[in-house]
Amino acid sequence: MKTEILGVSFDNVTVSEAVSAGFALSLSDGFHYVVTPNPELVNIARQNEDFRTALNEADLVLPDGIGVVYAAQLLGRPLKARCPGIDFASGLIGKLAETGGRLFLLGAKPGVAEQAAENLKNRFPGLVICGTHDGYFKEDAPVVEQIQAAQAHVVFVCLGAPKQEFWMRKNGPATGAHLMVGLGGSLDVFAGVTERAPEFWQKLGLEWLYRLKKEPSRIGRMAKLPLFLVSAAGQRLRGTH
Ligand code: UDP
């Protein structure tokens, strides 16, 4: 069942339900993709119809960020849970490691995807990382060919939004991969380049505040978030959901 929040239709799933659904997609025929919008991405989607379509046509739309959960509550359509992209990714990696699924890591600065691959292989014995590529390339075709040659089943696409969502839609089918997941800065976290908030902050729903403390330059991006909740409240009052 989908829950619509300011124009984006989210899947109302727990992390483990999302992982099971994502894993099933990775085994099914054809090309599928997963998006993990946070309030910032919903805000972009409100202004950009192409991006909104790219989100809404994904096979799974996961609520990444406590702001989406709050907005759902304000709209009177509570979501079961927050589903951070990185938790979904970790769960999916666990399943791939158990079953021999082939994972390709695309994105971030040169060297980061390789470091993430090393760390993940240590954390998930048996995991097959069939290739990596940084996210600062000019031509799509050589990257598509590399993914195809690597016979990847799943690709984590970490190019930042909205670039990664457009990239998956445009190039995904030609790679032969069954599943792509847009995961923003997750490779930086897997590589240990940026640090995720400790569990204490995550449980309080304050991961965003921790990130702001570590990267104060994000204040401009985050300042728009209260507006997002006000818009959700406005949508409820107008009864337009
Ligand atoms: N990035 C990239 N290619 C680009 C622009 C960005 O690979 O052309 C990477 C960047 O290095 C970072 C990620 O995309 O690893 C975006 O991270 P950000 O923190 O903005 O994403 P968020 O987690 O907030 O969605």
# chains A, B, ... in the order shown; residues from 1 in each chain; ligands from 1
>>> residues_near_ligand(ligand="ligand 1", cutoff="7 Å", atoms="only C-alpha atoms and all ligand atoms", output="list in words")
Gly107, Ala108, Lys109, Asp134, Gly135, Tyr136, Cys158, Leu159, Gly160, Ala161, Leu183, Gly184, Gly185, Ser186, Leu187 and Asp188 of chain A
>>> residues_around(residues="range 60-71 of chain A", least_positions_apart="2", cutoff="6 Å", atoms="only C-alpha atoms", output="PyMOL selection string")
chain A and resi 10-11+34-39+58+73-74+82-85+205+229+232
>>> select_by_dssp(residues="range 140-179 of chain A", states="strand (DSSP E)", output="PyMOL selection string")
chain A and resi 154-158+179
>>> closest_residue(among="A:Ala117, A:Ile219, A:Phe51, A:Ala81", to="Met168 in chain A", atoms="only C-alpha atoms")
A:Phe51
>>> select_by_dssp(residues="range 6-92 of chain A", states="helix (DSSP H, G or I)", output="JSON, numbers by chain")
{"A": [15, 16, 17, 18, 19, 20, 21, 22, 23, 24, 25, 26, 27, 39, 40, 41, 42, 43, 44, 45, 46, 47, 49, 50, 51, 52, 53, 54, 55, 56, 66, 67, 68, 69, 70, 71, 72, 73, 74, 85, 86, 87, 88, 89, 90, 91, 92]}
>>> residues_around(residues="Gln47 in chain A", least_positions_apart="4", cutoff="12 Å", atoms="only C-alpha atoms", output="list in words")
Leu6, Gly7, Val8, Glu40, Leu41, Val42, Asn43, Phe51, Arg52, Thr53 and Pro162 of chain A
>>> closest_residue(among="A:Ala45, A:Leu25, A:Ala72, A:Lys80", to="Ala233 in chain A", atoms="only C-alpha atoms")
A:Ala72
>>> atom_distance(atom1="CA of Leu92 in chain A", atom2="CA of Ser9 in chain A")
22.0 Å
>>> closest_residue(among="A:Ala223, A:Val157, A:Val13, A:Leu27", to="Val143 in chain A", atoms="only C-alpha atoms")
A:Val157
>>> closest_residue(among="A:Gly76, A:Arg221, A:Lys138, A:Gly182", to="Gln164 in chain A", atoms="only C-alpha atoms")
A:Gly182
>>> residues_around(residues="range 21-24 of chain A", least_positions_apart="5", cutoff="9 Å", atoms="only C-alpha atoms", output="JSON, numbers by chain")
{"A": [16, 33, 34, 59, 60, 88, 92, 95, 96, 179]}
>>> residues_around(residues="Phe104 in chain A", least_positions_apart="6", cutoff="8 Å", atoms="only C-alpha atoms", output="NGL selection string")
:A and (129-132 or 147 or 150 or 152-156)
>>> write_last_selection(atoms="C-alpha atoms", output="PDB file, in the first residue's frame")
ATOM      1  CA  ILE A 129      31.447  -7.337  -5.312  1.00  0.00           C
ATOM      2  CA  CYS A 130      31.739  -7.696  -9.061  1.00  0.00           C
ATOM      3  CA  GLY A 131      32.935  -4.143  -9.779  1.00  0.00           C
ATOM      4  CA  THR A 132      33.226  -0.530  -8.677  1.00  0.00           C
ATOM      5  CA  ILE A 147      28.337  -3.011 -15.234  1.00  0.00           C
ATOM      6  CA  ALA A 150      30.579  -7.513 -14.578  1.00  0.00           C
ATOM      7  CA  ALA A 152      25.902  -7.419 -11.801  1.00  0.00           C
ATOM      8  CA  HIS A 153      22.562  -8.424 -10.311  1.00  0.00           C
ATOM      9  CA  VAL A 154      22.330  -5.368  -8.045  1.00  0.00           C
ATOM     10  CA  VAL A 155      23.924  -1.911  -8.402  1.00  0.00           C
ATOM     11  CA  PHE A 156      24.118   0.702  -5.645  1.00  0.00           C
TER      12      PHE A 156
END
>>> closest_residue(among="A:Arg196, A:Lys2, A:Lys203, A:Arg46", to="Phe228 in chain A", atoms="only C-alpha atoms")
A:Arg46
>>> decode(residues="range 29-42 of chain A", atoms="N, CA, C and O atoms", output="PDB file, in the first residue's frame")
ATOM      1  N   ASP A  29      12.734 -11.158 -13.280  1.00  0.00           N
ATOM      2  CA  ASP A  29      13.146 -10.744 -14.634  1.00  0.00           C
ATOM      3  C   ASP A  29      12.976  -9.235 -14.810  1.00  0.00           C
ATOM      4  O   ASP A  29      12.148  -8.619 -14.161  1.00  0.00           O
ATOM      5  N   GLY A  30      13.747  -8.680 -15.720  1.00  0.00           N
ATOM      6  CA  GLY A  30      13.580  -7.266 -16.061  1.00  0.00           C
ATOM      7  C   GLY A  30      14.379  -6.364 -15.134  1.00  0.00           C
ATOM      8  O   GLY A  30      15.138  -6.827 -14.282  1.00  0.00           O
ATOM      9  N   PHE A  31      14.188  -5.060 -15.345  1.00  0.00           N
ATOM     10  CA  PHE A  31      14.937  -4.064 -14.569  1.00  0.00           C
ATOM     11  C   PHE A  31      14.011  -3.385 -13.567  1.00  0.00           C
ATOM     12  O   PHE A  31      12.877  -3.030 -13.888  1.00  0.00           O
ATOM     13  N   HIS A  32      14.520  -3.187 -12.350  1.00  0.00           N
ATOM     14  CA  HIS A  32      13.746  -2.537 -11.287  1.00  0.00           C
ATOM     15  C   HIS A  32      14.654  -1.529 -10.580  1.00  0.00           C
ATOM     16  O   HIS A  32      15.869  -1.699 -10.567  1.00  0.00           O
ATOM     17  N   TYR A  33      14.041  -0.516  -9.970  1.00  0.00           N
ATOM     18  CA  TYR A  33      14.877   0.387  -9.175  1.00  0.00           C
ATOM     19  C   TYR A  33      14.150   0.849  -7.917  1.00  0.00           C
ATOM     20  O   TYR A  33      12.917   0.853  -7.851  1.00  0.00           O
ATOM     21  N   VAL A  34      14.984   1.200  -6.931  1.00  0.00           N
ATOM     22  CA  VAL A  34      14.493   1.599  -5.613  1.00  0.00           C
ATOM     23  C   VAL A  34      14.993   3.011  -5.332  1.00  0.00           C
ATOM     24  O   VAL A  34      16.154   3.322  -5.618  1.00  0.00           O
ATOM     25  N   VAL A  35      14.118   3.843  -4.762  1.00  0.00           N
ATOM     26  CA  VAL A  35      14.534   5.190  -4.362  1.00  0.00           C
ATOM     27  C   VAL A  35      14.312   5.350  -2.858  1.00  0.00           C
ATOM     28  O   VAL A  35      13.469   4.662  -2.267  1.00  0.00           O
ATOM     29  N   THR A  36      15.066   6.253  -2.266  1.00  0.00           N
ATOM     30  CA  THR A  36      15.025   6.421  -0.808  1.00  0.00           C
ATOM     31  C   THR A  36      14.876   7.913  -0.473  1.00  0.00           C
ATOM     32  O   THR A  36      15.800   8.522   0.064  1.00  0.00           O
ATOM     33  N   PRO A  37      13.708   8.494  -0.794  1.00  0.00           N
ATOM     34  CA  PRO A  37      13.590   9.947  -0.617  1.00  0.00           C
ATOM     35  C   PRO A  37      13.496  10.384   0.853  1.00  0.00           C
ATOM     36  O   PRO A  37      12.772   9.784   1.628  1.00  0.00           O
ATOM     37  N   ASN A  38      14.251  11.433   1.150  1.00  0.00           N
ATOM     38  CA  ASN A  38      14.119  12.113   2.443  1.00  0.00           C
ATOM     39  C   ASN A  38      13.358  13.417   2.173  1.00  0.00           C
ATOM     40  O   ASN A  38      13.015  13.695   1.014  1.00  0.00           O
ATOM     41  N   PRO A  39      13.064  14.224   3.187  1.00  0.00           N
ATOM     42  CA  PRO A  39      12.288  15.445   2.950  1.00  0.00           C
ATOM     43  C   PRO A  39      12.909  16.357   1.887  1.00  0.00           C
ATOM     44  O   PRO A  39      12.205  16.979   1.097  1.00  0.00           O
ATOM     45  N   GLU A  40      14.241  16.383   1.861  1.00  0.00           N
ATOM     46  CA  GLU A  40      14.917  17.240   0.887  1.00  0.00           C
ATOM     47  C   GLU A  40      14.553  16.808  -0.548  1.00  0.00           C
ATOM     48  O   GLU A  40      14.311  17.646  -1.418  1.00  0.00           O
ATOM     49  N   LEU A  41      14.503  15.510  -0.763  1.00  0.00           N
ATOM     50  CA  LEU A  41      14.177  15.007  -2.111  1.00  0.00           C
ATOM     51  C   LEU A  41      12.704  15.247  -2.451  1.00  0.00           C
ATOM     52  O   LEU A  41      12.374  15.559  -3.595  1.00  0.00           O
ATOM     53  N   VAL A  42      11.833  15.126  -1.434  1.00  0.00           N
ATOM     54  CA  VAL A  42      10.411  15.408  -1.684  1.00  0.00           C
ATOM     55  C   VAL A  42      10.260  16.878  -2.074  1.00  0.00           C
ATOM     56  O   VAL A  42       9.501  17.224  -2.982  1.00  0.00           O
TER      57      VAL A  42
END
